[in-house]
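This report concerns only the one structure given below.
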Amino acid sequence: MRAIMATTGRPRGPRTVRSGPRRFGHARMMANRSSSETSAAAQQKKILMLGGTRFIGVYLARLLVDQGHEVTLMTRGKSPITTKIPDDTDEYYASYSKAVRHIACDRKDSGAVESKLKNESFDVVYDINAREKEDILPVLSSLPNLDQYILCSSAGVYKKSDLMPHFEVDETDPQSRHKGKLNMESHLESVGANFTSVRPVYIYGPLNYNPVEEWFFHRIAAGRPIPVPGNGKQITQLGHVKDLADAFVRCLGNERAKNQIYNISGERLVTFDGIARACAEAAGAPEPELVHFDAADFDFGGKKAFPMRDQHFFTDIQKAMRDLDWKPEYDLVEGLRDSYEKDFGRGTFRKPADFSVDDMILEKLKVMA
């Protein structure tokens with residue numbers, strides 16, 4: 001893997017044209033898939049998606065509907081079931097919103113889940129928002145004849161290591177804050193379910209509710225210096241949500257994905273400094289001033305000073321590329337530009353700017369904001 005360091009806007013080499021679902025907001029996907037993918041897509045599935053109204057599922061549900069599958073979202077019903085996104089034409093969104101079914105249910109209420117699902121029949125579950133093993137138990141007991149359970153896990157389950165990148169077989173951390181994801185993977189395996197687990201690294205893209213690119217965009221828009229921990233050379237990995245949705249679709253009915261775990265993220269690596277510069281380039285802004293600080297010199301009172309873990313953190317994605325015939329299509333600047341132009345650049349974001357921690361750092365380092 002190659003790392004994007006200080007510069008991010010270098011010309012890219014020629015890209016291989018490949019097939020696969022990539023056009024969001026259009027009624028049909030690209031037609032030239034491998035024979036196995038075509039066969040899987042031709043067999044209409046009844047799909048239950050838990051989650052699906054916030055971020056990943058917004059894009060994944062569209063791809064599944066476009067392939068002709070019957071998609072039902074199970075959510076608490078507190079948010080709109082479908083929302084038009086910038087990729088949608090009016091015609092497409094009208095068609096998509098009519099195609100999606102909904103079950104209103106709080107998945108934390110196991111009795112309600114069992115009651116809602118006992119008379120339903122689904123072939124496949126896409127579980128986007130499960131956090132603990134207990135979250136999946138009523139779903140499994142209510143749907144004993146599933147063909148496949150596809151789980152959104154996290155690369156955060158890996159144990160911190162000096163050996164990088166993380167491979168799917170690497171040691172995991174049972175004390176990780178993502179340990180619930182590990183417990184779900186273990187349970188699915190123990191009960192003999194046909195499952196596929198996807199472990200993304202940092203996800204970005206329009207509608208992202210985690211402060212990844214938004215954190216940088218706020219500071220760039222305000223013309224402020226960007227605090228970066230350490231020397232800014234920590235290497236990490238970001239993956240666009242649309243590439244992640246594409247990978248999820250390619251797991252469906254794929255024999256090679258049976259009882260497998262896949263790392264999913266971008267194909268290239270990037271430093272912390274490189275992310276800041278890439279965000280500025282994507283936003284059409286001048287290169288930002290970067291201020292490096294030592295977190296050990298501060299007491300931030302529990303607030304986060306930076307949106308990513310202060311360490312090298314990246315994975316190998318070759319297994320997914322091979323088994324799923326998948327390849328990320330967004331390079332970093334292109335993907336960040338897609339996020340900026342279809343979200344933050346339109347004045348929409350999830351959280352308002354909070355520069356209080358920045359000000360602590362800048363004041364101590366005598367840097368003018």
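Residue numbering restarts at 1 in every chain; chains get A, B, ... in the order shown in the structure tokens, and ligands count up from 1 in that same order.
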
Please produce, as a Markdown table, a per-residue contact table for segment 163-273 of chain A versus segment 53-56 of chain A (criterion: any atom at most 9 Å away, only C-alpha atoms considered), showing the nearest atom pair and its distance in Å to one decimal, sorted by chain then residue number.
```
| residue | atom | partner | partner_atom | distance |
| --- | --- | --- | --- | --- |
| A:Ile203 | CA | A:Ile56 | CA | 9.0 |
| A:Gly205 | CA | A:Phe55 | CA | 8.6 |
| A:Pro206 | CA | A:Phe55 | CA | 7.9 |
| A:Leu207 | CA | A:Phe55 | CA | 5.6 |
| A:Asn208 | CA | A:Phe55 | CA | 5.9 |
| A:Tyr209 | CA | A:Phe55 | CA | 7.2 |
| A:Val241 | CA | A:Ile56 | CA | 6.2 |
| A:Lys242 | CA | A:Ile56 | CA | 7.9 |
| A:Leu244 | CA | A:Ile56 | CA | 7.8 |
| A:Ala245 | CA | A:Ile56 | CA | 6.7 |
```

Put those residues in a file: N, CA and C atoms, as an mmCIF file, in the first residue's frame.
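Final file, part11.cif:
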```
data_model
loop_
_atom_site.group_PDB
_atom_site.id
_atom_site.type_symbol
_atom_site.label_atom_id
_atom_site.label_comp_id
_atom_site.auth_asym_id
_atom_site.auth_seq_id
_atom_site.Cartn_x
_atom_site.Cartn_y
_atom_site.Cartn_z
ATOM 1 N N ILE A 203 -14.936 5.767 7.882
ATOM 2 C CA ILE A 203 -15.852 5.959 6.757
ATOM 3 C C ILE A 203 -16.113 7.452 6.604
ATOM 4 N N GLY A 205 -18.019 10.563 3.709
ATOM 5 C CA GLY A 205 -18.926 10.754 2.593
ATOM 6 C C GLY A 205 -20.118 11.593 3.015
ATOM 7 N N PRO A 206 -20.947 12.013 2.054
ATOM 8 C CA PRO A 206 -22.129 12.821 2.377
ATOM 9 C C PRO A 206 -23.018 12.120 3.405
ATOM 10 N N LEU A 207 -23.505 12.860 4.378
ATOM 11 C CA LEU A 207 -24.378 12.416 5.462
ATOM 12 C C LEU A 207 -23.627 11.798 6.633
ATOM 13 N N ASN A 208 -22.302 11.789 6.585
ATOM 14 C CA ASN A 208 -21.526 11.177 7.666
ATOM 15 C C ASN A 208 -21.882 11.803 9.017
ATOM 16 N N TYR A 209 -22.331 10.981 9.967
ATOM 17 C CA TYR A 209 -22.685 11.513 11.282
ATOM 18 C C TYR A 209 -21.517 11.441 12.266
ATOM 19 N N VAL A 241 -18.177 6.068 1.710
ATOM 20 C CA VAL A 241 -19.373 5.304 2.039
ATOM 21 C C VAL A 241 -19.962 4.605 0.815
ATOM 22 N N LYS A 242 -19.815 5.184 -0.363
ATOM 23 C CA LYS A 242 -20.384 4.557 -1.556
ATOM 24 C C LYS A 242 -19.572 3.331 -1.962
ATOM 25 N N LEU A 244 -18.049 1.496 0.274
ATOM 26 C CA LEU A 244 -18.455 0.534 1.296
ATOM 27 C C LEU A 244 -19.785 -0.111 0.931
ATOM 28 N N ALA A 245 -20.750 0.686 0.481
ATOM 29 C CA ALA A 245 -22.046 0.141 0.082
ATOM 30 C C ALA A 245 -21.890 -0.847 -1.069
#
```

| field | Contacts of segment 75-86 of chain A within 8 Å, only C-alpha atoms, excl. fewer than 2 positions in-chain, as a PyMOL selection string | value | chain A and resi 50-53+58+73+88-89+93+97+102-107+342

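Every residue of segment 35-116 of chain A found in strand (DSSP E) when DSSP is run on the backbone appears here: Lys46, Ile47, Leu48, Met49, Leu50, Glu70, Val71, Thr72, Leu73, Met74, Thr75, Arg101, His102, Ile103 and Ala104 of chain A.
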
| task | Tell me which of A:Met49, A:Leu117, A:Met321, A:Val139 sits closest to Asp246 of chain A, counting only C-alpha atoms. | result |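 Among A:Met49, A:Leu117, A:Met321, A:Val139, it is A:Met321 that comes nearest to Asp246 of chain A.
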
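Of the residues under consideration (A:Glu267, A:Glu255, A:Glu114, A:Asp316), A:Asp316 shows the shortest atom-to-atom contact distance to Pro165 of chain A when counting only C-alpha atoms.
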
| said: Just want the 8 Å neighbourhood of Val100 of chain A, counted on only C-alpha atoms, with same-chain residues fewer than 5 positions away dropped. Output as a VMD selection string. | reply: chain A and resid 65 70 to 73

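Distances here use only C-alpha atoms; by that measure, the residue among A:Leu332, A:Leu63, A:Ala155, A:Leu324 closest to Arg256 of chain A is A:Leu324.
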
| field | Length of the atom CA of Ile235 of chain A to atom CA of Ser161 of chain A vector [Å] | value |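 Straight-line distance from atom CA of Ile235 of chain A to atom CA of Ser161 of chain A works out to 13.4 Å.
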
| query | Separation of atom CA of Val125 of chain A and atom CA of Ile150 of chain A, in Å? | reply |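 For atom CA of Val125 of chain A relative to atom CA of Ile150 of chain A, the distance reads 6.0 Å.
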
Within 12 Å of Pro144 of chain A, counting only C-alpha atoms, which residues qualify if same-chain residues fewer than 5 places away don't, as a PDB file with N, CA, C and O atoms, in the first residue's frame?
```pdb
ATOM      1  N   GLU A 114     -39.393  -9.628  18.161  1.00  0.00           N
ATOM      2  CA  GLU A 114     -39.954 -10.957  17.887  1.00  0.00           C
ATOM      3  C   GLU A 114     -41.403 -10.858  17.430  1.00  0.00           C
ATOM      4  O   GLU A 114     -41.832 -11.578  16.518  1.00  0.00           O
ATOM      5  N   LEU A 117     -41.482  -9.545  13.787  1.00  0.00           N
ATOM      6  CA  LEU A 117     -40.878 -10.396  12.760  1.00  0.00           C
ATOM      7  C   LEU A 117     -41.473 -11.796  12.677  1.00  0.00           C
ATOM      8  O   LEU A 117     -41.206 -12.515  11.713  1.00  0.00           O
ATOM      9  N   LYS A 118     -42.302 -12.172  13.655  1.00  0.00           N
ATOM     10  CA  LYS A 118     -42.752 -13.570  13.704  1.00  0.00           C
ATOM     11  C   LYS A 118     -43.564 -13.976  12.481  1.00  0.00           C
ATOM     12  O   LYS A 118     -43.571 -15.161  12.100  1.00  0.00           O
ATOM     13  N   GLU A 120     -43.117 -12.503   9.480  1.00  0.00           N
ATOM     14  CA  GLU A 120     -42.372 -12.045   8.302  1.00  0.00           C
ATOM     15  C   GLU A 120     -41.467 -13.152   7.787  1.00  0.00           C
ATOM     16  O   GLU A 120     -41.119 -14.090   8.509  1.00  0.00           O
ATOM     17  N   SER A 121     -41.085 -13.020   6.553  1.00  0.00           N
ATOM     18  CA  SER A 121     -40.155 -13.970   5.940  1.00  0.00           C
ATOM     19  C   SER A 121     -39.122 -13.185   5.142  1.00  0.00           C
ATOM     20  O   SER A 121     -39.483 -12.428   4.229  1.00  0.00           O
ATOM     21  N   PHE A 122     -37.864 -13.363   5.503  1.00  0.00           N
ATOM     22  CA  PHE A 122     -36.783 -12.677   4.796  1.00  0.00           C
ATOM     23  C   PHE A 122     -35.697 -13.680   4.430  1.00  0.00           C
ATOM     24  O   PHE A 122     -35.489 -14.681   5.129  1.00  0.00           O
ATOM     25  N   ASP A 123     -35.011 -13.389   3.345  1.00  0.00           N
ATOM     26  CA  ASP A 123     -33.908 -14.240   2.903  1.00  0.00           C
ATOM     27  C   ASP A 123     -32.574 -13.800   3.514  1.00  0.00           C
ATOM     28  O   ASP A 123     -31.722 -14.635   3.820  1.00  0.00           O
ATOM     29  N   VAL A 124     -32.414 -12.489   3.637  1.00  0.00           N
ATOM     30  CA  VAL A 124     -31.114 -11.938   4.038  1.00  0.00           C
ATOM     31  C   VAL A 124     -31.336 -10.785   5.015  1.00  0.00           C
ATOM     32  O   VAL A 124     -32.280 -10.001   4.856  1.00  0.00           O
ATOM     33  N   VAL A 125     -30.470 -10.693   6.006  1.00  0.00           N
ATOM     34  CA  VAL A 125     -30.444  -9.542   6.909  1.00  0.00           C
ATOM     35  C   VAL A 125     -29.157  -8.760   6.670  1.00  0.00           C
ATOM     36  O   VAL A 125     -28.071  -9.340   6.636  1.00  0.00           O
ATOM     37  N   LEU A 137     -29.806 -11.352  18.790  1.00  0.00           N
ATOM     38  CA  LEU A 137     -30.460 -12.592  19.221  1.00  0.00           C
ATOM     39  C   LEU A 137     -31.925 -12.671  18.826  1.00  0.00           C
ATOM     40  O   LEU A 137     -32.355 -13.701  18.268  1.00  0.00           O
ATOM     41  N   PRO A 138     -32.751 -11.649  19.072  1.00  0.00           N
ATOM     42  CA  PRO A 138     -34.163 -11.762  18.687  1.00  0.00           C
ATOM     43  C   PRO A 138     -34.364 -11.812  17.181  1.00  0.00           C
ATOM     44  O   PRO A 138     -35.347 -12.398  16.701  1.00  0.00           O
ATOM     45  N   VAL A 139     -33.449 -11.218  16.425  1.00  0.00           N
ATOM     46  CA  VAL A 139     -33.555 -11.278  14.963  1.00  0.00           C
ATOM     47  C   VAL A 139     -33.309 -12.701  14.487  1.00  0.00           C
ATOM     48  O   VAL A 139     -34.061 -13.257  13.676  1.00  0.00           O
ATOM     49  N   TYR A 149     -26.588 -13.634   6.843  1.00  0.00           N
ATOM     50  CA  TYR A 149     -26.618 -12.516   7.788  1.00  0.00           C
ATOM     51  C   TYR A 149     -25.371 -11.690   7.529  1.00  0.00           C
ATOM     52  O   TYR A 149     -24.242 -12.163   7.734  1.00  0.00           O
ATOM     53  N   VAL A 191     -23.359 -20.442  16.089  1.00  0.00           N
ATOM     54  CA  VAL A 191     -24.679 -21.026  15.820  1.00  0.00           C
ATOM     55  C   VAL A 191     -24.794 -21.556  14.391  1.00  0.00           C
ATOM     56  O   VAL A 191     -25.860 -22.010  13.978  1.00  0.00           O
ATOM     57  N   GLY A 192     -23.705 -21.507  13.654  1.00  0.00           N
ATOM     58  CA  GLY A 192     -23.702 -22.067  12.305  1.00  0.00           C
ATOM     59  C   GLY A 192     -24.406 -21.225  11.266  1.00  0.00           C
ATOM     60  O   GLY A 192     -24.806 -21.745  10.213  1.00  0.00           O
ATOM     61  N   ALA A 193     -24.559 -19.929  11.542  1.00  0.00           N
ATOM     62  CA  ALA A 193     -25.208 -19.052  10.558  1.00  0.00           C
ATOM     63  C   ALA A 193     -24.273 -18.812   9.381  1.00  0.00           C
ATOM     64  O   ALA A 193     -23.046 -18.792   9.528  1.00  0.00           O
ATOM     65  N   ASN A 194     -24.852 -18.650   8.204  1.00  0.00           N
ATOM     66  CA  ASN A 194     -24.072 -18.205   7.047  1.00  0.00           C
ATOM     67  C   ASN A 194     -23.955 -16.687   7.175  1.00  0.00           C
ATOM     68  O   ASN A 194     -24.906 -15.962   6.893  1.00  0.00           O
TER      69      ASN A 194
END
```
